[in-house]
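Colleague: This one is protein_35.txt, compact mmCIF, C-alpha atoms.
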# COMPACT_ATOMS: atom_id res chain seq x y z
CA MET A 1 45.17 33.14 108.67
CA ILE A 2 42.29 32.36 111.03
CA ALA A 3 40.52 30.49 108.24
CA ALA A 4 43.44 28.04 108.13
CA SER A 5 43.27 27.23 111.85
CA PRO A 6 41.96 23.83 113.00
CA VAL A 7 39.89 25.49 115.76
CA ALA A 8 38.57 29.06 115.89
CA HIS A 9 36.08 31.08 117.92
CA ALA A 10 33.30 33.52 117.04
CA ASP A 11 31.32 36.03 119.05
CA GLU A 12 29.36 39.20 118.51
CA THR A 13 28.37 42.03 120.81
CA THR A 14 26.28 45.16 120.53
CA ALA A 15 27.73 48.61 120.01
CA ARG A 16 26.18 52.02 119.38
CA ALA A 17 27.46 54.29 116.62
CA ALA A 18 25.87 57.39 115.10
CA GLY A 19 22.91 56.91 117.42
CA THR A 20 22.01 53.42 116.16
CA LEU A 21 22.62 49.88 117.34
CA THR A 22 25.15 47.76 115.47
CA TYR A 23 27.36 44.76 116.18
CA LEU A 24 31.04 44.12 116.60
CA HIS A 25 31.91 40.65 115.26
CA VAL A 26 34.93 38.73 116.52
CA ALA A 27 36.74 35.87 114.78
CA CYS A 28 39.81 34.61 116.60
CA THR A 29 42.12 31.89 117.81
CA GLN A 30 44.49 31.74 120.76
CA SER A 31 47.01 33.69 118.65
CA LEU A 32 44.96 35.80 116.20
CA THR A 33 42.05 38.26 116.35
CA ALA A 34 39.96 39.84 113.58
CA MET A 35 37.00 42.14 114.20
CA HIS A 36 34.52 43.80 111.89
CA VAL A 37 31.31 45.80 112.19
CA GLY A 38 27.81 45.37 110.82
CA ASP A 39 24.40 43.92 111.59
CA ARG A 40 23.81 40.40 112.87
CA SER A 41 22.87 38.78 109.57
CA ARG A 42 24.58 35.80 107.94
CA ASP A 43 25.81 38.09 105.15
CA THR A 44 27.58 40.30 107.68
CA ILE A 45 29.00 37.26 109.47
CA ASP A 46 30.44 36.13 106.13
CA ALA A 47 31.62 39.65 105.24
CA GLY A 48 34.45 39.34 107.74
CA GLY A 49 36.09 37.04 105.21
CA VAL A 50 36.96 34.29 107.69
CA TRP A 51 34.11 31.82 108.00
CA PRO A 52 33.32 31.17 104.31
CA ALA A 53 36.87 29.84 103.91
CA PHE A 54 37.08 28.10 107.29
CA THR A 55 37.28 24.29 107.43
CA GLY A 56 37.98 23.58 111.11
CA VAL A 57 35.85 23.53 114.27
CA LEU A 58 33.99 26.73 115.13
CA VAL A 59 33.43 27.34 118.85
CA ARG A 60 30.48 29.68 119.43
CA ASP A 61 27.37 30.38 121.43
CA GLY A 62 23.91 29.27 120.36
CA TYR A 63 23.19 32.13 117.95
CA ALA A 64 21.49 30.67 114.87
CA GLY A 65 23.22 33.11 112.53
CA TYR A 66 26.14 30.68 112.20
CA GLU A 67 24.03 27.69 111.20
CA HIS A 68 24.43 28.40 107.48
CA LEU A 69 28.09 27.39 107.89
CA ASP A 70 27.08 23.79 107.34
CA THR A 71 30.31 22.39 105.91
CA ILE A 72 32.25 22.76 109.16
CA GLU A 73 31.94 21.31 112.64
CA HIS A 74 30.47 23.46 115.40
CA ALA A 75 31.07 23.41 119.16
CA TRP A 76 28.67 25.04 121.64
CA CYS A 77 30.16 27.09 124.48
CA GLY A 78 29.68 25.08 127.67
CA ILE A 79 29.47 28.08 129.99
CA HIS A 80 26.49 29.46 128.07
CA LEU A 81 24.78 26.09 128.42
CA VAL A 82 25.53 25.92 132.15
CA ARG A 83 23.92 29.34 132.61
CA ASP A 84 20.81 28.24 130.71
CA LEU A 85 20.56 25.06 132.78
CA ARG A 86 20.87 26.92 136.07
CA ALA A 87 18.20 29.40 134.96
CA VAL A 88 15.84 26.41 134.74
CA HIS A 89 17.08 24.61 137.85
CA ASP A 90 17.33 27.45 140.38
CA PRO A 91 13.62 28.42 140.47
CA ASP A 92 12.62 24.78 141.14
CA PRO A 93 15.57 22.63 142.25
CA GLU A 94 13.46 19.56 143.06
CA GLY A 95 11.22 19.76 139.99
CA GLN A 96 14.09 20.44 137.57
CA SER A 97 16.79 18.22 139.03
CA TRP A 98 17.72 17.07 135.52
CA ALA A 99 19.24 20.47 134.81
CA GLU A 100 21.67 20.17 137.73
CA ALA A 101 22.49 16.63 136.61
CA MET A 102 23.33 17.96 133.16
CA VAL A 103 25.48 20.75 134.62
CA ASN A 104 27.41 18.16 136.61
CA THR A 105 27.80 16.04 133.47
CA LEU A 106 29.26 18.93 131.47
CA LEU A 107 31.62 19.97 134.27
CA LEU A 108 32.77 16.39 134.79
CA ALA A 109 33.38 16.05 131.06
CA ASN A 110 35.43 19.25 131.10
CA ASP A 111 37.50 18.00 134.05
CA THR A 112 38.08 14.72 132.22
CA ALA A 113 39.23 16.55 129.08
CA HIS A 114 41.59 18.75 131.14
CA ALA A 115 43.08 15.69 132.84
CA ALA A 116 43.65 13.98 129.48
CA ARG A 117 45.48 17.03 128.13
CA ALA A 118 47.60 17.24 131.28
CA GLU A 119 48.61 13.62 130.76
CA GLY A 120 49.58 14.37 127.18
CA ARG A 121 46.84 12.20 125.71
CA ALA A 122 45.41 12.97 122.27
CA ALA A 123 41.91 11.71 123.08
CA LEU A 124 39.63 10.43 125.81
CA THR A 125 39.30 6.69 126.20
CA ASP A 126 36.22 4.85 124.96
CA THR A 127 35.34 4.17 128.60
CA GLU A 128 35.49 7.87 129.48
CA LEU A 129 33.40 8.85 126.47
CA SER A 130 30.84 6.15 127.21
CA ALA A 131 30.48 7.30 130.82
CA ILE A 132 29.96 10.93 129.77
CA ARG A 133 27.37 10.03 127.13
CA SER A 134 25.56 7.74 129.57
CA ARG A 135 25.28 10.52 132.15
CA TYR A 136 24.18 12.92 129.40
CA ALA A 137 21.42 10.55 128.24
CA GLY A 138 20.38 9.93 131.85
CA ALA A 139 19.96 13.65 132.50
CA ILE A 140 17.76 14.01 129.41
CA ALA A 141 15.65 11.00 130.42
CA ARG A 142 15.11 12.52 133.86
CA GLY A 143 14.24 15.83 132.24
CA ARG A 144 11.54 14.19 130.13
CA GLN A 145 10.00 12.67 133.23
CA GLU A 146 10.08 15.94 135.14
CA ASN A 147 8.57 17.92 132.28
CA THR A 148 5.95 15.57 130.84
CA HIS A 149 3.23 17.71 132.36
CA GLY A 150 3.02 21.38 133.20
CA SER A 151 2.26 24.34 130.95
CA ASP A 152 3.77 27.14 133.03
CA PRO A 153 6.67 29.19 131.61
CA LEU A 154 9.31 27.24 133.55
CA HIS A 155 8.19 23.88 132.15
CA GLN A 156 8.04 25.35 128.66
CA GLN A 157 11.56 26.75 129.06
CA ALA A 158 12.78 23.38 130.33
CA ARG A 159 11.27 21.50 127.39
CA THR A 160 12.91 23.92 124.95
CA LEU A 161 16.25 23.37 126.65
CA LEU A 162 15.76 19.61 126.64
CA ARG A 163 15.14 19.66 122.88
CA ARG A 164 18.36 21.64 122.45
CA PHE A 165 20.38 19.06 124.35
CA GLN A 166 18.76 16.20 122.46
CA ARG A 167 19.19 17.74 119.02
CA HIS A 168 22.71 19.13 119.47
CA ARG A 169 24.48 16.49 121.55
CA ASP A 170 27.43 16.14 119.19
CA MET A 171 27.93 19.91 119.01
CA ILE A 172 27.66 20.27 122.79
CA LEU A 173 30.10 17.42 123.49
CA ARG A 174 32.53 18.31 120.69
CA PHE A 175 35.20 19.16 123.26
CA THR A 176 35.19 15.56 124.48
CA VAL A 177 36.00 14.03 121.08
CA ASN A 178 38.46 16.72 119.99
CA LEU A 179 40.77 17.83 122.78
CA ASP A 180 41.88 20.85 120.74
CA VAL A 181 38.39 22.27 121.29
CA SER A 182 37.86 24.21 124.52
CA PHE A 183 34.83 23.93 126.79
CA THR A 184 34.21 27.70 126.72
CA ASN A 185 34.18 30.49 124.17
CA ASN A 186 36.25 32.82 126.36
CA THR A 187 38.82 33.16 123.58
CA ALA A 188 36.32 35.22 121.56
CA GLU A 189 34.47 36.85 124.44
CA LEU A 190 37.57 38.51 125.90
CA PRO A 191 38.41 40.59 122.77
CA ALA A 192 34.73 41.53 122.44
CA ARG A 193 34.81 43.19 125.87
CA SER A 194 36.97 45.98 124.48
CA VAL A 195 33.92 47.57 122.88
CA LYS A 196 32.07 47.65 126.22
CA VAL A 197 35.06 49.21 127.97
CA GLN A 198 35.33 51.87 125.28
CA GLN A 199 31.62 52.66 125.44
CA ARG A 200 31.73 53.13 129.20
CA THR A 201 34.61 55.59 128.91
CA SER A 202 33.31 57.52 125.91
CA GLY A 203 29.71 58.26 126.76
CA GLY A 204 28.23 55.01 125.46
CA CYS A 205 28.35 55.69 121.74
CA TRP A 206 30.71 56.29 118.83
CA ARG A 207 29.94 59.54 117.06
CA THR A 208 30.25 57.93 113.63
CA LEU A 209 30.06 54.41 112.25
CA GLN A 210 33.48 54.91 110.68
CA GLY A 211 34.87 55.57 114.15
CA LEU A 212 33.63 52.17 115.31
CA ILE A 213 35.02 50.51 112.17
CA ASP A 214 38.42 52.09 112.83
CA PHE A 215 38.22 50.94 116.45
CA ALA A 216 37.64 47.35 115.29
CA VAL A 217 40.68 47.49 113.01
CA VAL A 218 42.95 48.88 115.73
CA GLN A 219 41.70 46.44 118.36
CA SER A 220 42.20 43.52 115.99
CA SER A 221 45.82 44.51 115.59
CA LEU A 222 46.44 45.17 119.29
CA SER A 223 44.70 41.99 120.43
CA THR A 224 46.78 39.88 118.05
CA ALA A 225 50.02 41.62 119.03
CA THR A 226 49.27 41.08 122.72
CA LYS A 227 48.66 37.38 122.12
CA TRP A 228 52.14 37.18 120.62
CA GLY A 229 53.69 38.86 123.66
CA LEU A 230 54.24 42.30 122.13
CA ASP A 231 53.97 45.40 124.31
CA THR A 232 50.77 47.33 123.55
CA LEU A 233 52.51 50.71 123.37
CA ASP A 234 55.15 49.33 121.02
CA ALA A 235 52.44 47.80 118.84
CA MET A 236 50.52 51.09 118.70
CA THR A 237 53.67 53.06 117.90
CA GLN A 238 54.44 50.75 115.01
CA LEU A 239 50.81 50.77 113.86
CA PHE A 240 50.74 54.55 113.48
CA THR A 241 54.27 54.96 112.15
CA THR A 242 55.68 52.19 109.97
CA GLY A 243 52.47 50.18 109.79
CA ALA A 244 50.76 47.36 111.64
CA TRP A 245 52.77 44.43 112.92
CA LEU A 246 51.58 41.24 111.24
CA PRO A 247 51.92 37.74 112.70
CA PRO A 248 54.31 35.57 110.69
CA ALA A 249 52.40 32.32 111.27
CA LEU A 250 49.25 30.83 112.76
CA THR A 251 50.88 30.49 116.18
CA PRO A 252 54.12 31.50 117.90
CA ASP A 253 55.10 27.82 118.07
CA ILE A 254 54.88 27.46 114.28
CA ALA A 255 56.82 30.69 113.81
CA ALA A 256 59.58 29.50 116.18
CA ALA A 257 59.89 26.22 114.33
CA ALA A 258 60.11 27.84 110.91
How would this structure read if it were set down as structure tokens?
Modeller:
Amino acid sequence: MIAASPVAHADETTARAAGTLTYLHVACTQSLTAMHVGDRSRDTIDAGGVWPAFTGVLVRDGYAGYEHLDTIEHAWCGIHLVRDLRAVHDPDPEGQSWAEAMVNTLLLANDTAHAARAEGRAALTDTELSAIRSRYAGAIARGRQENTHGSDPLHQQARTLLRRFQRHRDMILRFTVNLDVSFTNNTAELPARSVKVQQRTSGGCWRTLQGLIDFAVVQSSLSTATKWGLDTLDAMTQLFTTGAWLPPALTPDIAAAA
């Protein structure tokens, strides 16, 4: 079902099983969650069965493992970008003022998108988009000036970040041209936290890889059920008795209208 959604989210987080490091992969929407386990390769990303069939907008972080999905549109999580910008700005606020200007641009753009949704609009106006892009270009221009010289690690980090913002402008600002796309990737990061909680309460490691795989299956079911308003205990009872509850549609709204 996730593959049929117009917007979906992806994330991955580390987990330890059988004494080795592995990854829990998350594919989800506001109403659906699917997790699977493996390494961090493109083959494992595809093995979840969602992204090879996906045709919508994928919201994710900057991990390059998703770049082979080149027939879809990508959106870069804004919060990750804000963190990277502040990591450059905070050690030298005066010398890296561009980074703060870019943070303010992204946050202003997010506020503008929120306001448009609240007003029931389907898109930002040309004037709003032009203002955002102008501020974005201005921040990059300032960054070039501030980082023309200097070979220390901070300047090198700033130039790398500047290239990212130049090269991936459309991906970074996707949420401004498609109001169905969120500014953050919290939708995928929240389900991924379950593996960290479990590790903290179980000694930091699954005894077997199969145990982690089973955990991913159960958490996929529980996360989806919770998104649909089902009680967790009721969902678990059904899962281990009559079988897993399955969502009848992409979203509760679609199900209610059917």
Colleague: With only C-alpha atoms as the atoms that count, which of A:Ile172, A:Pro6, A:Thr22, A:Ala109 lies nearest to Gly78 in chain A?
Modeller: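 Among the listed residues, the smallest separation from Gly78 in chain A belongs to A:Ile172.
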Colleague: Quick one: which range 167-228 of chain A residues come within 9 Å of range 51-60 of chain A, and what is the nearest atom pair for each with the distance in Å to one decimal, counting only C-alpha atoms, rows ordered by chain and ascending number, as JSON lines?
Modeller:
{"residue": "A:Arg174", "atom": "CA", "partner": "A:Val57", "partner_atom": "CA", "distance": 8.9}
{"residue": "A:Val181", "atom": "CA", "partner": "A:Val59", "partner_atom": "CA", "distance": 7.5}
{"residue": "A:Ser182", "atom": "CA", "partner": "A:Val59", "partner_atom": "CA", "distance": 7.8}
{"residue": "A:Phe183", "atom": "CA", "partner": "A:Val59", "partner_atom": "CA", "distance": 8.8}
{"residue": "A:Thr184", "atom": "CA", "partner": "A:Val59", "partner_atom": "CA", "distance": 7.9}
{"residue": "A:Asn185", "atom": "CA", "partner": "A:Arg60", "partner_atom": "CA", "distance": 6.1}
{"residue": "A:Ala188", "atom": "CA", "partner": "A:Arg60", "partner_atom": "CA", "distance": 8.3}
Colleague: Fewer than 6 positions away in the same chain doesn't count, so skip those; otherwise give me all residues within 12 Å of Gln210 in chain A, counting all atoms listed in the file, as a PyMOL selection string.
Modeller: chain A and resi 16-18+22+36-38+216-217
Colleague: Could you tell me how far CA of Glu94 in chain A lies from CA of Glu128 in chain A, in Å and to one decimal?
Modeller: 28.4 Å
Colleague: Quick one: pull the distance between CA of Val197 in chain A and CA of Ala15 in chain A, Å, one decimal.
Modeller: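 Those two atoms sit 10.8 Å apart.
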Colleague: Would you compute the distance between CA of Trp245 in chain A and CA of Ala225 in chain A? Give it in Å to one decimal.
Modeller: 7.3 Å
